[in-house]
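Structure file protein.txt (compact mmCIF, C-alpha atoms) follows.
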```txt
# COMPACT_ATOMS: atom_id res chain seq x y z
CA MET Z 1 -32.68 26.02 1.52
CA SER Z 2 -30.49 29.01 0.63
CA LYS Z 3 -27.16 28.42 -1.06
CA LYS Z 4 -23.98 28.57 0.97
CA LYS Z 5 -22.09 31.80 0.47
CA ILE Z 6 -18.95 32.35 -1.56
CA VAL Z 7 -16.15 33.63 0.67
CA VAL Z 8 -13.35 35.68 -0.86
CA GLY Z 9 -10.04 36.11 0.94
CA VAL Z 10 -9.32 39.73 0.05
CA VAL Z 11 -5.81 41.19 -0.11
CA PRO Z 12 -4.82 44.63 -1.48
CA THR Z 13 -3.06 43.28 -4.57
CA GLU Z 14 -3.95 42.89 -8.23
CA ALA Z 15 -4.48 39.17 -7.65
CA GLY Z 16 -6.83 40.02 -4.80
CA ARG Z 17 -8.77 42.37 -7.09
CA ARG Z 18 -9.08 39.66 -9.74
CA ALA Z 19 -10.32 37.18 -7.12
CA VAL Z 20 -13.06 39.56 -5.98
CA GLU Z 21 -14.23 40.21 -9.55
CA TRP Z 22 -14.25 36.52 -10.50
CA ALA Z 23 -16.16 35.58 -7.34
CA ALA Z 24 -18.70 38.35 -7.95
CA GLU Z 25 -19.33 37.15 -11.49
CA ARG Z 26 -19.84 33.59 -10.30
CA ALA Z 27 -22.06 34.69 -7.41
CA ALA Z 28 -24.25 36.62 -9.82
CA ALA Z 29 -24.50 33.69 -12.24
CA THR Z 30 -25.39 31.22 -9.48
CA HIS Z 31 -27.50 33.59 -7.34
CA THR Z 32 -25.22 33.06 -4.35
CA PRO Z 33 -24.45 35.54 -1.55
CA LEU Z 34 -20.89 36.83 -1.34
CA GLU Z 35 -18.68 37.62 1.65
CA LEU Z 36 -15.49 39.66 1.35
CA PHE Z 37 -13.13 38.65 4.14
CA ARG Z 38 -9.99 40.60 5.03
CA ILE Z 39 -7.53 39.20 7.58
CA ILE Z 40 -4.96 41.32 9.37
CA GLY Z 41 -1.86 39.50 10.55
CA GLY Z 42 1.32 40.47 12.36
CA ALA Z 43 -0.01 41.57 15.75
CA VAL Z 44 2.06 40.23 18.67
CA GLY Z 45 0.53 42.08 21.61
CA VAL Z 46 3.34 44.53 22.43
CA VAL Z 47 2.81 47.87 24.17
CA GLY Z 48 1.42 50.53 21.84
CA GLU Z 49 0.22 48.05 19.27
CA ALA Z 50 -3.51 48.36 20.01
CA ALA Z 51 -3.87 51.80 18.47
CA LEU Z 52 -2.00 50.66 15.36
CA VAL Z 53 -4.24 47.60 15.01
CA THR Z 54 -7.33 49.79 15.31
CA GLU Z 55 -6.05 52.05 12.54
CA ILE Z 56 -5.22 49.09 10.30
CA GLU Z 57 -8.64 47.54 10.91
CA ALA Z 58 -10.33 50.81 9.93
CA ALA Z 59 -8.28 50.99 6.74
CA ALA Z 60 -9.12 47.34 5.96
CA ALA Z 61 -12.83 48.01 6.48
CA GLU Z 62 -12.63 50.97 4.09
CA HIS Z 63 -10.87 48.79 1.54
CA LEU Z 64 -13.58 46.13 1.77
CA ALA Z 65 -16.31 48.75 1.47
CA ALA Z 66 -14.69 50.05 -1.71
CA GLU Z 67 -14.39 46.52 -3.11
CA ALA Z 68 -18.04 45.83 -2.27
CA ASP Z 69 -19.11 49.05 -4.00
CA SER Z 70 -17.11 48.10 -7.10
CA ILE Z 71 -19.10 44.90 -7.60
CA ARG Z 72 -22.59 46.11 -6.66
CA TYR Z 73 -23.52 46.17 -10.34
CA HIS Z 74 -23.51 42.37 -10.30
CA GLY Z 75 -26.64 42.56 -8.15
CA VAL Z 76 -25.63 39.98 -5.53
CA PRO Z 77 -25.86 40.35 -1.74
CA VAL Z 78 -22.41 41.35 -0.46
CA THR Z 79 -21.23 41.42 3.14
CA THR Z 80 -17.79 42.31 4.49
CA ARG Z 81 -15.81 41.12 7.47
CA VAL Z 82 -12.45 42.05 9.00
CA ASP Z 83 -10.59 39.76 11.41
CA HIS Z 84 -7.02 39.40 12.59
CA GLY Z 85 -4.83 36.33 13.01
CA ASN Z 86 -3.14 33.77 10.81
CA PRO Z 87 -4.56 34.07 7.27
CA VAL Z 88 -4.35 30.34 6.57
CA THR Z 89 -6.09 29.39 9.81
CA LYS Z 90 -8.77 32.05 9.46
CA LEU Z 91 -9.63 31.19 5.87
CA VAL Z 92 -9.78 27.48 6.63
CA GLU Z 93 -12.18 28.27 9.50
CA ALA Z 94 -14.27 30.47 7.20
CA SER Z 95 -14.53 27.65 4.67
CA LYS Z 96 -16.60 25.59 7.13
CA ASP Z 97 -19.64 27.76 6.41
CA ALA Z 98 -18.91 28.38 2.74
CA GLY Z 99 -19.90 26.65 -0.46
CA LEU Z 100 -16.81 28.01 -2.20
CA LEU Z 101 -13.65 29.79 -1.08
CA VAL Z 102 -11.90 32.11 -3.56
CA ILE Z 103 -8.38 33.43 -3.12
CA GLY Z 104 -5.95 35.30 -5.30
CA SER Z 105 -2.34 34.27 -5.79
CA ASP Z 106 0.51 36.50 -6.93
CA TYR Z 107 2.99 33.67 -6.57
CA ARG Z 108 5.20 33.01 -9.58
CA PRO Z 109 6.82 29.71 -10.63
CA GLY Z 110 10.38 29.33 -9.41
CA GLY Z 111 9.84 31.34 -6.24
CA LYS Z 112 9.59 34.65 -8.15
CA GLY Z 113 6.52 35.86 -6.31
CA PRO Z 114 5.77 36.93 -2.72
CA ALA Z 115 5.96 34.16 -0.13
CA ARG Z 116 2.30 34.67 0.75
CA GLY Z 117 1.46 33.03 -2.57
CA LEU Z 118 2.40 29.72 -0.99
CA HIS Z 119 -0.48 30.20 1.44
CA GLY Z 120 -2.76 29.10 -1.38
CA ILE Z 121 -1.34 25.58 -1.17
CA ARG Z 122 -2.00 25.27 2.56
CA ILE Z 123 -5.42 26.88 2.29
CA SER Z 124 -6.44 24.61 -0.58
CA ALA Z 125 -5.35 21.56 1.39
CA GLY Z 126 -7.04 22.59 4.62
CA ALA Z 127 -10.32 24.05 3.37
CA HIS Z 128 -13.63 22.32 4.04
CA CYS Z 129 -15.10 23.36 0.68
CA PRO Z 130 -13.80 23.71 -2.87
CA VAL Z 131 -11.16 26.42 -3.33
CA VAL Z 132 -10.64 28.49 -6.46
CA VAL Z 133 -7.21 30.10 -6.85
CA VAL Z 134 -7.18 33.13 -9.13
CA PRO Z 135 -3.75 34.01 -10.57
CA ASP Z 136 -2.38 37.49 -11.12
CA SER Z 137 -2.47 37.27 -14.90
CA GLU Z 138 -4.72 37.96 -17.84
CA HIS Z 139 -6.68 34.92 -18.93
CA GLY Z 140 -6.52 35.87 -22.62
CA GLU Z 141 -8.16 33.62 -25.19
CA ARG Z 142 -8.94 30.49 -23.21
CA ALA Z 143 -11.54 27.78 -23.61
CA GLY Z 144 -12.75 24.71 -21.78
CA VAL Z 145 -12.72 23.40 -18.24
CA VAL Z 146 -9.96 20.85 -17.65
CA VAL Z 147 -10.44 18.14 -15.06
CA GLY Z 148 -7.95 15.54 -13.91
CA VAL Z 149 -9.48 12.05 -14.03
CA ASP Z 150 -7.80 9.17 -12.20
CA GLY Z 151 -10.70 6.99 -11.08
CA SER Z 152 -10.48 7.97 -7.40
CA GLU Z 153 -13.36 9.17 -5.22
CA LEU Z 154 -11.87 12.67 -5.15
CA SER Z 155 -11.61 12.60 -8.92
CA GLU Z 156 -15.33 11.88 -9.10
CA LYS Z 157 -16.01 14.99 -7.02
CA ALA Z 158 -13.69 17.03 -9.22
CA ILE Z 159 -15.55 15.80 -12.32
CA ALA Z 160 -18.90 16.79 -10.80
CA PHE Z 161 -17.60 20.28 -9.98
CA ALA Z 162 -15.93 20.74 -13.38
CA ALA Z 163 -18.92 19.46 -15.35
CA ALA Z 164 -21.28 21.82 -13.53
CA GLU Z 165 -18.93 24.73 -14.15
CA ALA Z 166 -18.42 23.87 -17.83
CA ASP Z 167 -22.17 23.50 -18.37
CA ARG Z 168 -22.84 26.78 -16.58
CA ILE Z 169 -20.44 28.82 -18.72
CA GLY Z 170 -21.12 26.93 -21.95
CA GLU Z 171 -17.61 25.53 -22.37
CA PRO Z 172 -16.46 21.99 -23.21
CA LEU Z 173 -15.33 19.71 -20.41
CA ILE Z 174 -11.79 18.54 -21.12
CA ALA Z 175 -11.25 15.26 -19.26
CA VAL Z 176 -7.57 14.40 -18.91
CA THR Z 177 -6.12 11.11 -17.71
CA ALA Z 178 -2.37 10.64 -17.46
CA TRP Z 179 -0.62 7.30 -17.38
CA GLN Z 180 3.05 6.48 -17.11
CA PRO Z 181 4.88 3.15 -17.33
CA MET Z 182 7.51 2.24 -14.77
CA GLU Z 183 11.03 2.91 -15.95
CA VAL Z 184 13.47 0.03 -16.21
CA PRO Z 185 16.76 1.42 -14.81
CA ARG Z 186 19.01 -0.63 -17.08
CA SER Z 187 16.84 -0.23 -20.17
CA PRO Z 188 14.95 3.11 -19.99
CA GLY Z 189 12.14 3.43 -22.49
CA LEU Z 190 12.28 -0.24 -23.45
CA GLN Z 191 9.17 -1.55 -21.70
CA PRO Z 192 7.34 -4.45 -23.37
CA ALA Z 193 4.71 -3.28 -25.85
CA SER Z 194 2.09 -5.48 -24.19
CA TYR Z 195 2.75 -3.78 -20.84
CA VAL Z 196 2.47 -0.28 -22.32
CA ASP Z 197 -0.71 -1.18 -24.21
CA ALA Z 198 -2.26 -2.64 -21.07
CA LEU Z 199 -1.55 0.53 -19.09
CA ARG Z 200 -3.05 2.72 -21.80
CA GLN Z 201 -6.14 0.51 -21.97
CA LEU Z 202 -6.59 0.58 -18.20
CA ALA Z 203 -6.36 4.37 -18.22
CA GLU Z 204 -8.94 4.61 -20.99
CA GLU Z 205 -11.30 2.25 -19.19
CA ALA Z 206 -10.93 4.12 -15.88
CA GLN Z 207 -11.72 7.39 -17.59
CA ALA Z 208 -14.75 5.94 -19.40
CA ILE Z 209 -16.16 4.62 -16.13
CA SER Z 210 -15.59 7.96 -14.38
CA LEU Z 211 -17.36 9.92 -17.11
CA ALA Z 212 -20.28 7.52 -17.50
CA GLY Z 213 -23.57 9.25 -16.75
CA LEU Z 214 -22.44 12.78 -17.57
CA ALA Z 215 -24.47 12.81 -20.78
CA GLN Z 216 -27.62 12.09 -18.82
CA THR Z 217 -26.98 14.87 -16.31
CA TYR Z 218 -25.69 17.39 -18.86
CA PRO Z 219 -27.12 16.41 -22.27
CA ASP Z 220 -25.74 19.53 -23.99
CA LEU Z 221 -22.24 19.34 -22.49
CA GLN Z 222 -19.39 18.69 -24.91
CA VAL Z 223 -16.86 16.30 -23.38
CA ASP Z 224 -13.39 16.08 -24.90
CA ARG Z 225 -11.48 13.02 -23.69
CA HIS Z 226 -7.70 12.79 -23.53
CA VAL Z 227 -5.61 9.87 -22.27
CA ASP Z 228 -1.97 10.88 -22.48
CA GLU Z 229 1.29 9.29 -21.49
CA GLY Z 230 3.40 11.31 -19.06
CA ALA Z 231 3.62 12.61 -15.51
CA ALA Z 232 0.20 13.80 -14.36
CA ALA Z 233 1.26 17.34 -13.47
CA ASP Z 234 3.05 17.78 -16.79
CA VAL Z 235 0.10 16.47 -18.79
CA LEU Z 236 -2.44 18.60 -16.92
CA SER Z 237 -0.26 21.70 -17.17
CA ALA Z 238 -0.17 21.38 -20.95
CA TYR Z 239 -3.97 21.61 -21.09
CA ALA Z 240 -4.28 24.16 -18.28
CA VAL Z 241 -2.31 26.76 -20.25
CA THR Z 242 -5.25 27.35 -22.60
CA ALA Z 243 -8.17 26.41 -20.31
CA ARG Z 244 -10.56 28.77 -18.57
CA MET Z 245 -10.32 26.63 -15.44
CA THR Z 246 -8.49 23.52 -14.25
CA VAL Z 247 -10.11 21.32 -11.59
CA MET Z 248 -8.42 18.69 -9.43
CA GLY Z 249 -9.03 16.77 -6.24
CA SER Z 250 -7.16 17.40 -2.99
CA HIS Z 251 -5.74 14.53 -1.00
CA GLY Z 252 -5.53 16.23 2.41
CA ARG Z 253 -6.83 14.07 5.24
CA GLY Z 254 -6.88 14.23 9.03
CA ALA Z 255 -5.47 16.82 11.45
CA VAL Z 256 -1.99 16.78 9.93
CA ARG Z 257 -2.64 15.77 6.32
CA ARG Z 258 -5.38 18.39 6.09
CA PHE Z 259 -2.58 20.85 5.34
CA LEU Z 260 -0.95 18.62 2.73
CA LEU Z 261 -2.01 18.37 -0.89
CA GLY Z 262 -1.55 15.46 -3.21
CA SER Z 263 1.66 15.88 -5.18
CA VAL Z 264 -0.13 16.63 -8.47
CA SER Z 265 -2.39 19.31 -6.97
CA GLU Z 266 0.55 20.89 -5.21
CA GLN Z 267 2.65 20.97 -8.36
CA MET Z 268 -0.22 22.54 -10.29
CA LEU Z 269 -0.58 25.32 -7.72
CA TYR Z 270 3.16 25.94 -7.81
CA ARG Z 271 2.92 26.31 -11.59
CA LEU Z 272 -0.53 27.98 -11.62
CA ARG Z 273 -1.11 28.07 -15.37
CA GLY Z 274 -4.50 29.69 -14.90
CA LEU Z 275 -7.66 29.68 -12.80
CA THR Z 276 -7.46 26.52 -10.68
CA ALA Z 277 -10.03 24.79 -8.47
CA ILE Z 278 -9.17 22.27 -5.76
CA VAL Z 279 -12.06 20.04 -4.70
CA ARG Z 280 -12.24 17.82 -1.65
```

structure tokens encoding of this file:
Amino acid sequence: MSKKKIVVGVVPTEAGRRAVEWAAERAAATHTPLELFRIIGGAVGVVGEAALVTEIEAAAAEHLAAEADSIRYHGVPVTTRVDHGNPVTKLVEASKDAGLLVIGSDYRPGGKGPARGLHGIRISAGAHCPVVVVPDSEHGERAGVVVGVDGSELSEKAIAFAAAEADRIGEPLIAVTAWQPMEVPRSPGLQPASYVDALRQLAEEAQAISLAGLAQTYPDLQVDRHVDEGAAADVLSAYAVTARMTVMGSHGRGAVRRFLLGSVSEQMLYRLRGLTAIVR
């Protein structure tokens, strides 16, 4: 059976360019076909709009052709497609037939980037396959694939994705589990030592169980384990700053919740410390 294609949501920005290049490199390494998908939005059906839409579609097709030509050297099959409509809806639909969806994000923390950057949160929550969000920034000297481990079923899927990626690129898997004691309003920071120790031990045990079996599947994979106290998004962000990729599970469910992420995943996409994958 042939592998499912990698779909790239292409936009004419630097982040969009980085997304295309990253997807092409991964497609070449995994021998996977690639589809470059450009979506045109904004049409409302007013008089005189048809000719404008036709012109925009032609320009979009030329843009995709140029992007496809720029990555031919990777030697992977590349197809292009132009459609019009809501970008979030169209990319979520495209993810049904994809093994991986790749999008760029030029959003900046604190609302300093274009509003379209927020689309990445809705797309990541609604997609039917893993989503990789490529930021508009140089990766610099980075190492390792970080994965958030919390013992849930989605965490197990994130671990599987992250381990395969780390093994493929020859990087260590950095497993991160965060734990945090409940605050006592009248005595903050004064929790009983036995309670704190028990929480830490539970976190360590949950992580050990989640990672059991990795050595058998990936005998050469280096696994670095970290169990840190603190809010999950804060802990993960600290490791994501220097990682080549950060992988987390999505908690979207059902017709409505499909467009909602778990709070940690959403916070990580708002911060976007580097290449980030959301797995469902």

Item checked: Pairwise distance for CA of Leu269 (chain Z) and CA of Glu204 (chain Z), rounded to one decimal in Å ->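 Those two atoms sit 26.0 Å apart.
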
Note to self: Just to confirm, what's the straight-line distance from CA of Val92 (chain Z) to CA of Ala66 (chain Z) in Å (one decimal)?
What the structure shows: 24.6 Å

Check: From the list Z:Leu34, Z:Gly75, Z:Arg81, Z:Ser237, which residue is nearest Glu62 (chain Z) when using only C-alpha atoms?
Finding: Z:Arg81

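Each of Z:Arg122, Z:Arg168, Z:His74, Z:Lys4 was compared to Trp22 (chain Z) using only C-alpha atoms, and Z:His74 turns out to be the nearest.
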
Checklist line | Interatomic distance (Å, one decimal) between CA of Ser155 (chain Z) and CA of Val132 (chain Z) | finding: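 Computing it gives 16.1 Å between the two atoms.
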
Next item on the list: Pick out the residues sitting within 9 Å of region 208-221 of chain Z, and hand them over as JSON, numbers by chain; count all atoms listed in the file, and ignore anything fewer than 2 positions along from it in its own chain.
Entry: {"Z": [149, 150, 151, 152, 155, 156, 159, 160, 163, 164, 166, 167, 170, 171, 172, 173, 175, 203, 204, 205, 206, 223, 225]}

Margin query: Taking 6 positions as the minimum chain separation for residues in the same chain, which residues sit within 10 Å of region 262-264 of chain Z when counting all atoms listed in the file? Answer as a VMD selection string.
Written below: chain Z and resid 125 148 231 to 234 236 248 to 252 270

Within 12 Å of (-9.9, 37.6, -14.7) (coordinates as in the file), grab all the protein and nucleic acid residues, counting only C-alpha atoms, and write them out as a CSV table (one decimal) with C-alpha atoms, in the frame of the given file.
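Contents of the output file point.csv:
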```
chain,number,residue,atom,x,y,z
Z,14,GLU,CA,-4.0,42.9,-8.2
Z,15,ALA,CA,-4.5,39.2,-7.6
Z,16,GLY,CA,-6.8,40.0,-4.8
Z,17,ARG,CA,-8.8,42.4,-7.1
Z,18,ARG,CA,-9.1,39.7,-9.7
Z,19,ALA,CA,-10.3,37.2,-7.1
Z,20,VAL,CA,-13.1,39.6,-6.0
Z,21,GLU,CA,-14.2,40.2,-9.6
Z,22,TRP,CA,-14.2,36.5,-10.5
Z,23,ALA,CA,-16.2,35.6,-7.3
Z,24,ALA,CA,-18.7,38.4,-8.0
Z,25,GLU,CA,-19.3,37.2,-11.5
Z,26,ARG,CA,-19.8,33.6,-10.3
Z,104,GLY,CA,-6.0,35.3,-5.3
Z,133,VAL,CA,-7.2,30.1,-6.8
Z,134,VAL,CA,-7.2,33.1,-9.1
Z,135,PRO,CA,-3.8,34.0,-10.6
Z,136,ASP,CA,-2.4,37.5,-11.1
Z,137,SER,CA,-2.5,37.3,-14.9
Z,138,GLU,CA,-4.7,38.0,-17.8
Z,139,HIS,CA,-6.7,34.9,-18.9
Z,140,GLY,CA,-6.5,35.9,-22.6
Z,141,GLU,CA,-8.2,33.6,-25.2
Z,142,ARG,CA,-8.9,30.5,-23.2
Z,244,ARG,CA,-10.6,28.8,-18.6
Z,245,MET,CA,-10.3,26.6,-15.4
Z,274,GLY,CA,-4.5,29.7,-14.9
Z,275,LEU,CA,-7.7,29.7,-12.8
```

Next item on the list: Anything within 9 Å of (-4.1, 36.8, 12.9): list those residues as a PyMOL selection string, counting only C-alpha atoms and sticking to the file's coordinates.
Entry: chain Z and resi 39-43+83-87+89-90

Next item on the list: Return the single residue from Z:Val176, Z:Met182, Z:Val145, Z:Val102 that is closest to Val227 (chain Z), with distances computed using only C-alpha atoms.
Entry: Z:Val176

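Taking all atoms listed in the file into account, Gln222 (chain Z) lies nearest to Z:Ile169 out of the set Z:Ile169, Z:Val53, Z:Leu199, Z:Val131.
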
Note to self: Under the rule that all atoms listed in the file are counted, which of Z:Glu183, Z:Val88, Z:Thr242, Z:Thr177 is the nearest residue to Leu202 (chain Z)?
What the structure shows: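 When distances to Leu202 (chain Z) are compared using all atoms listed in the file, the smallest one comes from Z:Thr177.
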